[in-house]
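Trainee: My structure is stored as work_14.txt, with compact mmCIF, C-alpha atoms.
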```txt
# COMPACT_ATOMS: atom_id res chain seq x y z
CA MET A 1 1.25 30.48 -7.08
CA THR A 2 2.03 27.64 -4.70
CA SER A 3 2.24 24.12 -5.97
CA LYS A 4 0.07 21.43 -4.52
CA THR A 5 1.51 18.58 -2.54
CA THR A 6 1.59 15.29 -4.39
CA ALA A 7 0.09 12.18 -2.86
CA ILE A 8 0.94 8.80 -4.32
CA ILE A 9 -1.76 6.19 -3.93
CA TYR A 10 -1.10 2.51 -4.56
CA HIS A 11 -4.54 1.09 -5.03
CA ASN A 12 -7.09 -1.02 -6.77
CA PRO A 13 -9.94 1.13 -8.11
CA ARG A 14 -12.33 -1.81 -7.73
CA CYS A 15 -11.86 -1.62 -3.94
CA SER A 16 -14.23 0.71 -2.07
CA LYS A 17 -11.59 1.52 0.57
CA SER A 18 -9.21 2.57 -2.20
CA ARG A 19 -11.86 4.73 -3.88
CA ASN A 20 -12.83 6.33 -0.57
CA THR A 21 -9.19 7.03 0.28
CA LYS A 22 -8.63 8.64 -3.12
CA ALA A 23 -11.75 10.78 -2.56
CA ILE A 24 -10.32 12.07 0.74
CA LEU A 25 -7.12 13.05 -1.08
CA GLU A 26 -9.17 14.83 -3.76
CA GLU A 27 -11.22 16.66 -1.11
CA ASN A 28 -7.95 17.87 0.43
CA THR A 29 -6.79 19.16 -2.97
CA PHE A 30 -3.72 16.98 -3.40
CA ASP A 31 -2.16 16.33 -6.75
CA ILE A 32 -2.62 12.57 -6.98
CA THR A 33 -0.32 10.09 -8.63
CA GLU A 34 -2.39 6.95 -8.95
CA ILE A 35 -0.54 3.65 -9.17
CA ARG A 36 -2.75 0.68 -9.88
CA TYR A 37 -0.49 -1.81 -8.16
CA LEU A 38 -2.11 -4.89 -9.71
CA GLU A 39 -1.19 -3.57 -13.18
CA THR A 40 2.08 -1.89 -12.17
CA PRO A 41 3.42 -3.61 -9.04
CA PRO A 42 5.92 -1.68 -6.95
CA THR A 43 9.50 -2.90 -6.99
CA LYS A 44 10.98 -4.71 -4.03
CA GLU A 45 12.95 -1.56 -3.22
CA LYS A 46 9.82 0.61 -3.32
CA LEU A 47 7.90 -1.79 -1.08
CA GLU A 48 10.81 -1.83 1.35
CA GLU A 49 10.85 1.98 1.37
CA LEU A 50 7.09 2.13 1.99
CA CYS A 51 7.39 -0.33 4.87
CA LYS A 52 10.14 1.80 6.42
CA LEU A 53 8.03 4.95 6.03
CA MET A 54 5.10 3.18 7.73
CA ASN A 55 7.39 1.62 10.34
CA VAL A 56 6.08 -1.88 9.61
CA ARG A 57 7.60 -5.15 8.50
CA PRO A 58 6.57 -6.51 5.07
CA VAL A 59 4.57 -9.31 6.69
CA GLU A 60 2.35 -6.60 8.22
CA ILE A 61 1.12 -5.38 4.82
CA ILE A 62 0.06 -8.79 3.54
CA ARG A 63 -3.57 -9.54 2.80
CA SER A 64 -3.50 -12.93 4.52
CA GLY A 65 -7.25 -13.39 4.01
CA GLU A 66 -6.84 -13.63 0.24
CA SER A 67 -7.40 -17.11 -1.17
CA LEU A 68 -4.11 -16.70 -3.06
CA PHE A 69 -2.30 -16.51 0.29
CA LYS A 70 -3.69 -19.90 1.28
CA ASP A 71 -3.21 -21.31 -2.24
CA LEU A 72 0.50 -20.48 -1.99
CA GLY A 73 0.68 -22.39 1.31
CA LEU A 74 1.68 -19.28 3.23
CA ASN A 75 1.18 -18.54 6.91
CA ILE A 76 1.80 -15.23 8.69
CA LYS A 77 3.77 -17.17 11.29
CA ASP A 78 6.12 -18.61 8.63
CA ASP A 79 9.78 -18.16 9.53
CA ARG A 80 10.67 -15.90 6.60
CA THR A 81 12.94 -12.90 6.33
CA ASP A 82 11.64 -9.47 5.40
CA ASP A 83 13.38 -9.91 2.04
CA GLU A 84 11.53 -13.18 1.43
CA TRP A 85 8.17 -11.56 2.27
CA LEU A 86 9.00 -8.64 -0.06
CA THR A 87 9.72 -11.09 -2.88
CA ILE A 88 6.38 -12.81 -2.26
CA LEU A 89 4.59 -9.44 -2.39
CA VAL A 90 6.35 -8.37 -5.60
CA ASP A 91 5.58 -11.72 -7.23
CA ASN A 92 1.97 -11.65 -5.98
CA PRO A 93 0.84 -8.00 -5.82
CA LYS A 94 -2.72 -9.10 -5.05
CA LEU A 95 -1.41 -9.83 -1.54
CA ILE A 96 -0.38 -6.20 -0.89
CA GLU A 97 -2.69 -4.45 1.57
CA ARG A 98 -4.45 -1.53 -0.05
CA PRO A 99 -4.48 1.31 -0.43
CA ILE A 100 -1.08 2.64 0.55
CA VAL A 101 -0.68 6.42 0.42
CA GLN A 102 2.65 8.21 0.41
CA ILE A 103 2.92 11.94 0.96
CA GLY A 104 6.49 13.14 1.06
CA ASN A 105 8.42 11.02 3.55
CA LYS A 106 5.29 9.65 5.23
CA ALA A 107 3.11 6.70 4.27
CA VAL A 108 0.10 4.92 5.69
CA ILE A 109 -2.39 2.21 4.78
CA GLY A 110 -5.82 3.68 4.09
CA ARG A 111 -7.74 1.09 6.08
CA PRO A 112 -9.93 2.68 7.18
CA PRO A 113 -9.65 5.50 4.62
CA GLU A 114 -9.54 8.07 7.44
CA ASN A 115 -6.10 6.70 8.38
CA ILE A 116 -4.60 8.98 5.76
CA LEU A 117 -5.63 12.02 7.81
CA LYS A 118 -2.68 11.11 10.08
CA ILE A 119 -0.21 12.13 7.36
CA ILE A 120 -2.04 15.05 5.72
```
Render the structure in this file as structure tokens.

Mentor:
Amino acid sequence: MTSKTTAIIYHNPRCSKSRNTKAILEENTFDITEIRYLETPPTKEKLEELCKLMNVRPVEIIRSGESLFKDLGLNIKDDRTDDEWLTILVDNPKLIERPIVQIGNKAVIGRPPENILKII
């Protein structure tokens, strides 16, 4: 008996994109580890790892359209280091783009949900 591949999804179940992404994983018979990142935010180290796997800088996974982003006085063009952006994301998980799916040593943002087909 072969074991199924595990997919880790960092998501918010209230988000339709997150639900649709999870459904694609289920349709492709993955074992799913669901991390509700608003309740259990990833560590700075985990976010850094995910960014490396996606080949993006932390500023690229920020939900800059969130009112919280503006309330904090942030701007995408701010002169901040990757470490500073990671700290902002860890302290304010609502700003993390969702969903993020990791399968093995690959990760992608499921926006649109079909993006995850690139790593399946």

Trainee: Could you tell me how far atom CA of A:Lys22 lies from atom CA of A:Leu50, in Å and to one decimal?

Mentor: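 Atom CA of A:Leu50 lies at a distance of 17.8 Å from atom CA of A:Lys22.
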
Trainee: What gap, in Å, lies between atom CA of A:Arg80 and atom CA of A:Val59?

Mentor: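 Between atom CA of A:Arg80 and atom CA of A:Val59 the gap works out to 9.0 Å.
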
Trainee: As a list in words, please: the residues near A:Ile88 (cut-off 10 Å, all atoms listed in the file, same-chain neighbours under 5 positions excluded).

Mentor: Lys44, Pro58, Val59, Ile62, Phe69, Leu72, Leu74, Asp82, Asp83, Pro93, Leu95 and Ile96 of chain A

Trainee: Which is closest to A:Glu34 among A:Pro13, A:Gly104, A:Gly73, A:Gly110, if we use all atoms listed in the file?

Mentor: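 Result for the nearest residue to A:Glu34: A:Pro13.
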
Trainee: One number please: atom CA of A:Phe30 to atom CA of A:Glu45, in Å, one decimal.

Mentor: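 Straight-line distance from atom CA of A:Phe30 to atom CA of A:Glu45 works out to 24.9 Å.
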
Trainee: Identify the residues within 9 Å of coordinate (-2.1, 11.7, -4.2) (same frame as the file), considering all atoms listed in the file, and give the answer as a PyMOL selection string.

Mentor: chain A and resi 5-9+22+25-26+29-34+101-103

Trainee: Keeping only C-alpha atoms, write the selected residues to a file as an mmCIF file, in the frame of the given file.

Mentor:
```cif
data_model
loop_
_atom_site.group_PDB
_atom_site.id
_atom_site.type_symbol
_atom_site.label_atom_id
_atom_site.label_comp_id
_atom_site.auth_asym_id
_atom_site.auth_seq_id
_atom_site.Cartn_x
_atom_site.Cartn_y
_atom_site.Cartn_z
ATOM 1 C CA THR A 5 1.510 18.580 -2.540
ATOM 2 C CA THR A 6 1.590 15.290 -4.390
ATOM 3 C CA ALA A 7 0.090 12.180 -2.860
ATOM 4 C CA ILE A 8 0.940 8.800 -4.320
ATOM 5 C CA ILE A 9 -1.760 6.190 -3.930
ATOM 6 C CA LYS A 22 -8.630 8.640 -3.120
ATOM 7 C CA LEU A 25 -7.120 13.050 -1.080
ATOM 8 C CA GLU A 26 -9.170 14.830 -3.760
ATOM 9 C CA THR A 29 -6.790 19.160 -2.970
ATOM 10 C CA PHE A 30 -3.720 16.980 -3.400
ATOM 11 C CA ASP A 31 -2.160 16.330 -6.750
ATOM 12 C CA ILE A 32 -2.620 12.570 -6.980
ATOM 13 C CA THR A 33 -0.320 10.090 -8.630
ATOM 14 C CA GLU A 34 -2.390 6.950 -8.950
ATOM 15 C CA VAL A 101 -0.680 6.420 0.420
ATOM 16 C CA GLN A 102 2.650 8.210 0.410
ATOM 17 C CA ILE A 103 2.920 11.940 0.960
#
```

Trainee: If we count only C-alpha atoms and set the cut-off at 8 Å, which residues sit around A:Met54, ignoring sequence neighbours fewer than 3 positions away in its own chain? Please answer as a count of residues only.

Mentor: 5

Trainee: Using all atoms listed in the file, which residue out of A:Thr87, A:Cys15, A:Ile116, A:Glu49 lies closest to A:Ile100?

Mentor: A:Ile116

Trainee: Around stretch 97-109 of chain A, fit a box with edges along x, y and z, padding it by 3 Å on each side, then list its centre and edge lengths in Å to one decimal as AutoDock Vina command-line options.

Mentor:
```
--center_x 2.0 --center_y 4.3 --center_z 2.6 --size_x 18.9 --size_y 23.6 --size_z 12.1
```

Trainee: Choose the residue, out of A:Val56, A:Pro42, A:Ser64, A:Asp91, that has the smallest atom-to-atom separation from A:Asp78; count all atoms listed in the file.

Mentor: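 Looking at the shortest contact to A:Asp78, the residue is A:Ser64.
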
Trainee: Would you pick out the contacts of A:Asn20 at 7 Å or less, using all atoms listed in the file, so that residues sharing its chain but fewer than 4 positions from it are not included, and give the list as a PDB file with C-alpha atoms, keeping the file's coordinate frame?

Mentor:
```pdb
ATOM      1  CA  SER A  16     -14.230   0.710  -2.070  1.00  0.00           C
ATOM      2  CA  ILE A  24     -10.320  12.070   0.740  1.00  0.00           C
ATOM      3  CA  PRO A 113      -9.650   5.500   4.620  1.00  0.00           C
TER       4      PRO A 113
END
```

Trainee: Compare A:Glu48, A:Asp79, A:Glu114, A:Glu39 by their minimum atom-to-atom distance to A:Ile61, counting all atoms listed in the file, and give me the closest one.

Mentor: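 Nearest candidate to A:Ile61 out of A:Glu48, A:Asp79, A:Glu114, A:Glu39: A:Glu48.
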